[in-house]
Structures are given as structure tokens and as C-alpha cells.
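What follows is final-v3.txt (compact mmCIF, C-alpha atoms).
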# COMPACT_ATOMS: atom_id res chain seq x y z
CA GLN S 1 -1.73 -5.28 15.80
CA PRO S 2 0.44 -4.05 12.94
CA VAL S 3 3.90 -5.55 12.72
CA LEU S 4 5.40 -2.10 12.24
CA THR S 5 4.73 0.44 14.99
CA GLN S 6 3.99 4.07 14.25
CA PRO S 7 2.67 6.82 16.54
CA PRO S 8 -1.07 7.30 15.91
CA SER S 9 -0.69 11.03 15.51
CA VAL S 10 1.80 13.88 15.34
CA SER S 11 1.30 17.60 14.99
CA ALA S 12 3.38 20.69 14.31
CA ALA S 13 2.97 24.27 13.19
CA PRO S 14 3.43 25.49 9.61
CA ARG S 15 7.05 25.89 8.49
CA GLN S 16 8.22 23.58 11.30
CA ARG S 17 9.87 20.19 10.89
CA VAL S 18 8.26 16.95 12.01
CA THR S 19 9.45 13.36 12.12
CA ILE S 20 7.39 10.17 12.05
CA ALA S 21 8.94 7.01 13.45
CA CYS S 22 8.44 3.43 12.35
CA SER S 23 9.68 0.63 14.57
CA GLY S 24 10.05 -3.01 13.64
CA SER S 25 12.37 -5.96 14.09
CA SER S 26 15.22 -7.85 12.45
CA SER S 27 12.75 -9.81 10.34
CA ASN S 28 11.47 -6.68 8.65
CA ILE S 29 13.08 -3.23 8.92
CA GLY S 30 16.34 -4.64 10.22
CA ASN S 31 17.06 -6.50 6.98
CA ASN S 32 14.87 -4.90 4.32
CA ALA S 33 14.37 -1.53 2.72
CA ILE S 34 11.49 0.59 3.90
CA ASN S 35 9.03 2.67 1.90
CA TRP S 36 6.78 5.52 3.00
CA TYR S 37 3.35 6.50 1.70
CA GLN S 38 1.21 9.60 2.03
CA GLN S 39 -2.56 9.21 1.98
CA LEU S 40 -4.56 12.39 1.66
CA PRO S 41 -8.18 12.26 2.92
CA GLY S 42 -10.34 10.18 0.60
CA LYS S 43 -7.46 9.41 -1.77
CA ALA S 44 -5.28 6.45 -2.64
CA PRO S 45 -1.86 6.19 -1.01
CA LYS S 46 1.07 7.81 -2.83
CA LEU S 47 4.67 6.60 -2.74
CA LEU S 48 6.70 9.22 -0.89
CA ILE S 49 10.05 7.55 -0.13
CA TYR S 50 11.39 4.23 -1.38
CA TYR S 51 14.38 2.09 -0.47
CA ASN S 52 14.82 3.98 2.83
CA ASP S 53 15.77 7.40 1.50
CA LEU S 54 15.04 7.76 -2.23
CA LEU S 55 12.51 10.25 -3.57
CA PRO S 56 10.33 9.30 -6.54
CA SER S 57 10.21 11.81 -9.35
CA GLY S 58 7.89 14.68 -8.53
CA VAL S 59 8.03 14.33 -4.73
CA SER S 60 9.11 17.46 -2.90
CA ASP S 61 12.57 17.40 -1.31
CA ARG S 62 10.93 18.63 1.89
CA PHE S 63 10.39 14.90 2.49
CA SER S 64 13.29 12.70 3.55
CA GLY S 65 13.72 9.23 4.97
CA SER S 66 16.29 7.40 7.04
CA LYS S 67 16.80 4.01 8.61
CA SER S 68 18.90 2.77 11.50
CA GLY S 69 18.81 -0.79 12.75
CA THR S 70 15.21 -1.86 13.24
CA SER S 71 13.75 1.63 13.08
CA ALA S 72 13.09 4.15 10.35
CA SER S 73 11.83 7.68 10.20
CA LEU S 74 10.20 10.09 7.80
CA ALA S 75 11.00 13.77 8.13
CA ILE S 76 8.97 16.60 6.68
CA SER S 77 10.48 20.08 6.74
CA GLY S 78 8.80 23.41 6.04
CA LEU S 79 5.39 22.00 6.96
CA GLN S 80 2.48 23.15 4.83
CA SER S 81 -1.25 22.75 5.36
CA GLU S 82 -1.42 20.40 2.37
CA ASP S 83 0.85 17.97 4.21
CA GLU S 84 -2.06 17.04 6.50
CA ALA S 85 -2.52 13.36 5.73
CA ASP S 86 -1.99 9.85 7.00
CA TYR S 87 1.51 8.46 6.57
CA TYR S 88 2.38 4.76 6.39
CA CYS S 89 5.66 2.86 6.46
CA ALA S 90 5.97 -0.52 4.76
CA THR S 91 8.54 -3.24 4.20
CA TRP S 92 8.96 -6.97 3.61
CA ASP S 93 8.75 -9.26 6.61
CA ALA S 94 10.87 -12.36 6.12
CA SER S 95 9.25 -14.27 8.99
CA LEU S 96 5.69 -13.67 7.82
CA ASN S 97 6.71 -13.87 4.16
CA CYS S 98 4.60 -10.88 3.21
CA TRP S 99 4.61 -7.12 2.82
CA VAL S 100 3.62 -5.34 6.03
CA PHE S 101 2.43 -1.82 6.73
CA GLY S 102 2.64 0.28 9.85
CA GLY S 103 -0.62 1.31 11.50
CA GLY S 104 -0.36 4.80 10.06
CA THR S 105 0.29 8.23 11.55
CA LYS S 106 -2.10 11.14 11.19
CA LEU S 107 -0.24 14.41 10.71
CA THR S 108 -2.02 17.58 11.80
CA VAL S 109 -0.64 20.95 10.77
CA LEU S 110 -1.65 23.33 13.55
CA GLN N 1 1.81 7.47 -17.49
CA VAL N 2 0.86 4.30 -15.63
CA GLN N 3 -2.78 4.13 -14.59
CA LEU N 4 -4.69 1.44 -12.76
CA GLN N 5 -8.47 1.17 -12.44
CA GLU N 6 -10.37 -1.23 -10.22
CA SER N 7 -13.80 -2.53 -11.12
CA GLY N 8 -16.27 -4.98 -9.66
CA PRO N 9 -19.40 -5.29 -7.50
CA GLY N 10 -19.63 -2.89 -4.58
CA LEU N 11 -21.83 -5.23 -2.56
CA VAL N 12 -21.20 -8.89 -1.78
CA LYS N 13 -23.29 -11.16 0.41
CA PRO N 14 -21.74 -12.87 3.45
CA SER N 15 -20.18 -16.25 2.57
CA GLY N 16 -20.07 -15.14 -1.06
CA THR N 17 -17.12 -14.43 -3.35
CA LEU N 18 -15.58 -11.02 -3.90
CA SER N 19 -14.29 -10.51 -7.45
CA LEU N 20 -12.39 -7.45 -8.62
CA THR N 21 -10.42 -6.60 -11.74
CA CYS N 22 -7.63 -4.06 -12.21
CA ALA N 23 -7.20 -2.65 -15.71
CA VAL N 24 -3.69 -1.36 -16.40
CA SER N 25 -2.71 1.29 -18.94
CA GLY N 26 0.65 2.88 -19.63
CA ALA N 27 2.51 -0.31 -18.71
CA SER N 28 2.36 -3.98 -19.61
CA ILE N 29 1.67 -6.59 -16.95
CA SER N 30 3.92 -8.83 -19.06
CA SER N 31 6.92 -6.66 -18.13
CA GLY N 32 9.22 -7.47 -15.23
CA ASN N 33 7.10 -6.06 -12.43
CA TRP N 34 4.78 -7.14 -9.65
CA TRP N 35 1.06 -6.31 -9.50
CA SER N 36 -0.60 -6.15 -6.10
CA TRP N 37 -3.84 -5.86 -4.17
CA VAL N 38 -4.06 -3.85 -0.93
CA ARG N 39 -7.15 -3.17 1.14
CA GLN N 40 -8.19 -0.63 3.77
CA PRO N 41 -11.18 -1.19 6.08
CA PRO N 42 -13.12 2.00 6.80
CA GLY N 43 -11.18 4.21 9.19
CA LYS N 44 -8.31 1.71 9.46
CA GLY N 45 -4.86 1.11 8.03
CA LEU N 46 -3.54 -0.62 4.93
CA GLU N 47 -3.31 -4.40 4.55
CA TRP N 48 -1.41 -6.14 1.75
CA ILE N 49 -3.46 -8.96 0.21
CA GLY N 50 -1.08 -10.44 -2.37
CA GLU N 51 0.61 -9.97 -5.72
CA ILE N 52 1.36 -11.58 -9.05
CA SER N 53 4.49 -11.32 -11.18
CA GLN N 54 4.80 -10.99 -14.94
CA SER N 55 5.48 -14.72 -15.09
CA GLY N 56 2.36 -15.56 -13.13
CA ASN N 57 4.02 -16.31 -9.80
CA THR N 58 1.87 -15.33 -6.83
CA ILE N 59 2.51 -14.46 -3.19
CA TYR N 60 -0.30 -14.06 -0.67
CA ASN N 61 -0.71 -12.65 2.81
CA PRO N 62 -0.63 -15.78 5.02
CA SER N 63 -3.66 -14.52 6.94
CA LEU N 64 -5.75 -14.51 3.73
CA LYS N 65 -4.03 -17.16 1.64
CA SER N 66 -6.70 -19.84 2.02
CA ARG N 67 -9.38 -17.54 0.59
CA VAL N 68 -7.54 -15.48 -2.04
CA THR N 69 -6.59 -16.05 -5.67
CA ILE N 70 -4.87 -13.47 -7.87
CA SER N 71 -4.75 -14.11 -11.60
CA GLU N 72 -3.81 -12.25 -14.77
CA ASP N 73 -5.18 -11.76 -18.26
CA LYS N 74 -2.29 -10.59 -20.41
CA SER N 75 -4.50 -10.26 -23.49
CA LYS N 76 -6.52 -7.58 -21.68
CA ASN N 77 -3.57 -6.20 -19.67
CA GLN N 78 -5.42 -6.70 -16.41
CA PHE N 79 -5.19 -8.73 -13.25
CA SER N 80 -7.88 -9.90 -10.86
CA LEU N 81 -8.63 -10.72 -7.24
CA LYS N 82 -11.00 -13.39 -5.96
CA MET N 83 -11.73 -13.74 -2.27
CA THR N 84 -14.06 -16.49 -1.08
CA SER N 85 -16.16 -16.94 2.07
CA VAL N 86 -16.30 -13.22 2.77
CA THR N 87 -17.61 -11.76 6.02
CA ALA N 88 -18.29 -8.25 7.25
CA ALA N 89 -14.62 -8.04 8.25
CA ASP N 90 -13.74 -8.02 4.55
CA THR N 91 -15.61 -4.75 4.01
CA ALA N 92 -12.93 -2.35 2.79
CA VAL N 93 -11.66 -0.13 0.02
CA TYR N 94 -9.69 -2.41 -2.28
CA TYR N 95 -6.75 -0.94 -4.20
CA CYS N 96 -4.66 -2.42 -6.97
CA ALA N 97 -1.08 -1.22 -7.19
CA SER N 98 2.03 -1.72 -9.28
CA SER N 99 5.68 -1.98 -8.26
CA ILE N 100 7.56 -0.69 -11.29
CA THR N 101 10.20 1.47 -9.60
CA GLY N 102 11.38 -1.54 -7.65
CA VAL N 103 10.29 -4.61 -5.76
CA GLY N 104 7.57 -3.78 -3.26
CA THR N 105 7.52 -0.05 -3.98
CA PHE N 106 3.76 0.14 -4.73
CA ASP N 107 4.50 3.19 -6.87
CA HIS N 108 1.21 3.47 -8.74
CA TRP N 109 -2.24 2.94 -7.27
CA GLY N 110 -5.76 2.72 -8.54
CA GLN N 111 -8.35 5.06 -7.06
CA GLY N 112 -9.75 2.22 -4.96
CA THR N 113 -13.18 0.63 -4.87
CA LEU N 114 -15.34 0.14 -1.79
CA VAL N 115 -16.64 -3.38 -1.33
CA THR N 116 -19.28 -3.85 1.35
CA VAL N 117 -20.13 -7.31 2.64
CA SER N 118 -23.75 -7.32 3.73
CA SER N 119 -26.94 -9.24 3.20
Starting from the file, lay out its structure as C-alpha cells.
Amino acid sequence: QPVLTQPPSVSAAPRQRVTIACSGSSSNIGNNAINWYQQLPGKAPKLLIYYNDLLPSGVSDRFSGSKSGTSASLAISGLQSEDEADYYCATWDASLNCWVFGGGTKLTVL
Amino acid sequence: QVQLQESGPGLVKPSGTLSLTCAVSGASISSGNWWSWVRQPPGKGLEWIGEISQSGNTIYNPSLKSRVTISEDKSKNQFSLKMTSVTAADTAVYYCASSITGVGTFDHWGQGTLVTVSS
């Protein structure tokens, strides 16, 4: 079982807003920055959000991240069909002494 | 821009050794960054394997540590993964990734290479 918990799937209609949650503990999210990745079908993951809420150059500002306590969330506004992908959260776990990923959330744009 | 490219055998026999190399262009592995390996079994999520720093320090996933070695070749600007005693459970797409933006950001990824463990 992944250390970080994500919902297996979420869905929303085009132009709507959707959030994806990532839940952890004090050994990971609670005391470390979280990053988010987008993985399009058959492609390598792509960094979407880093250090909780920062956007890498070239990433649309429709994506945003936040963190509170031992949970984090990724929000996508103005949903588009090309946003259909798997989304992963990741952070350092100080108890395990390794980087850990969430189980991934499949986003379907209805 | 930074590019990473994995290479190595796509088929490894059970109990054998998996060996992959990641060639880096657009950045130097001698710079102050970390260089990582991540894998993804078919239809499943991402698993961090380990990483190496520009000074050669390594950190491994505790669940794989006894079987994994990550090394570097600065003269070729590449780093490598060796995993021993492989089983079918090690069948996965293996990605190399860099963390240049910041520690643990995995900001650039190779395209990935599928390694199948089968006799």
C-alpha cells in the first residue's frame, strides 16, 4: 500500500474545476514539501507542481497546489480534454528515509 | 534543454541482473544535483528506486537496497542502475530522472524503458 493516499479516480466535465487529494502523515507531508506529477497515457511523468504550490516554467496556471497539515491537494480549473491523465503526489518520508509516491489518481474529463 | 535517455536490455532472466544506463545531455551530472531511478510496473503506480548525487553519494529505497547499486560515469555524463536477483515482480518501465529545480523535484525524465523479467 502506498504511503501517500490518493483517490483512485476523479471525474468532471469540461471547463469545471476538480481537486485531487493526497493524504499522508507527520513523517512525510506534515514536515516536507510535496510535488505533483502528470502522466499522460504511455508517457513519462511530468513535474506539475513543486514545493507545495510552485509552477515550473511552461506549466499552465490552471494547475495549483496547496498543503495543510498532513494533507495536500492539486486543483485543476477550466478542465480540458487534454488534462485526462494520471496524477501522482510525492514527497520525502523521514521514517522510511526515501522518496514516496501516492498511488495515483486517474482523471476523466466527461 | 536537459534530456535523459535510458538504455539497456529489455529482457532479463529470473535471478539475473538488470543493468540500465541513463545518458544525460543539456546538464552535467557533476553539477550540484541528484540523479534518480524510478520504476512503474505495468498498470501500477510509481516507485522510487534510488538516487546518486554529484559527489557520488547514494540513497536507496529500503525495500530494494540489498539488490540495487547506482553508479556514475562522469566522463560519459551518465549514471547507471544495477539490480540483482530479479524476479517477475521487477518487470516494469524504468525511468531515470533529474532533480535540478530542487531536491526531490524529479523535473526531467527519460522516456522510460520496459524491462521484462522472464525465462
Expected answer as a PDB file with C-alpha atoms, in the frame of the given file: chain N residues within 6 Å of chain S, only C-alpha atoms:
ATOM      1  CA  GLY N  45      -4.860   1.110   8.030  1.00  0.00           C
ATOM      2  CA  ASN N  61      -0.710 -12.650   2.810  1.00  0.00           C
ATOM      3  CA  ASP N 107       4.500   3.190  -6.870  1.00  0.00           C
ATOM      4  CA  GLN N 111      -8.350   5.060  -7.060  1.00  0.00           C
TER       5      GLN N 111
END
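Pairwise distance (atom CA of Asp93 of chain S, atom CA of Thr101 of chain N) equals 19.5 Å.
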What's around Val109 of chain S at 7 Å? Count only C-alpha atoms, leave out sequence neighbours fewer than 6 positions away in its own chain, and write the answer as number ranges by chain. S: 11-14, 81, 84
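Using only C-alpha atoms, the nearest neighbour of Gln78 of chain N within the list N:Ile49, N:Leu18, N:Cys96, N:Val12 is N:Cys96.
Put simply, atom CA of Asn31 of chain S is 19.9 Å away from atom CA of Ser64 of chain S.
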Could you list, as a PDB file with C-alpha atoms, keeping the file's coordinate frame, every residue within 7 Å of segment 37-42 of chain N, counting all atoms listed in the file and ignoring same-chain residues fewer than 6 positions away?
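Output file selection.pdb is given in full below:
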ATOM      1  CA  TRP N  48      -1.410  -6.140   1.750  1.00  0.00           C
ATOM      2  CA  ILE N  49      -3.460  -8.960   0.210  1.00  0.00           C
ATOM      3  CA  GLY N  50      -1.080 -10.440  -2.370  1.00  0.00           C
ATOM      4  CA  GLU N  51       0.610  -9.970  -5.720  1.00  0.00           C
ATOM      5  CA  THR N  91     -15.610  -4.750   4.010  1.00  0.00           C
ATOM      6  CA  ALA N  92     -12.930  -2.350   2.790  1.00  0.00           C
ATOM      7  CA  VAL N  93     -11.660  -0.130   0.020  1.00  0.00           C
ATOM      8  CA  TYR N  94      -9.690  -2.410  -2.280  1.00  0.00           C
ATOM      9  CA  TYR N  95      -6.750  -0.940  -4.200  1.00  0.00           C
ATOM     10  CA  CYS N  96      -4.660  -2.420  -6.970  1.00  0.00           C
ATOM     11  CA  ALA N  97      -1.080  -1.220  -7.190  1.00  0.00           C
TER      12      ALA N  97
END
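Minimum atom-to-atom distance to Ser95 of chain S, evaluated using all atoms listed in the file, belongs to N:Pro62 out of N:Gly10, N:Gln5, N:Pro62, N:Ile29.
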Neighbours of Cys22 of chain N within 10 Å (only C-alpha atoms; same-chain residues fewer than 5 positions away dropped), as an MDAnalysis selection string? chainID N and resid 3:8 35:37 72 77:81 95:97 110 112
I'd like the interatomic distance between atom CA of Ser68 of chain S and atom CA of Gly30 of chain S, to a tenth of an Å.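 These two atoms are separated by 7.9 Å.
By chain and then residue number, the residues within 10 Å of Ser85 of chain N are Lys13, Pro14, Ser15, Gly16, Thr17, Leu18, Ser66, Arg67 and Val68 of chain N, counting all atoms listed in the file and disregarding those fewer than 6 positions away in sequence.
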Between N:Gln54, N:Gln1, N:Thr113, N:Ser25, single out the one closest to Lys74 of chain N, counting only C-alpha atoms.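 Among N:Gln54, N:Gln1, N:Thr113, N:Ser25, it is N:Gln54 that comes nearest to Lys74 of chain N.
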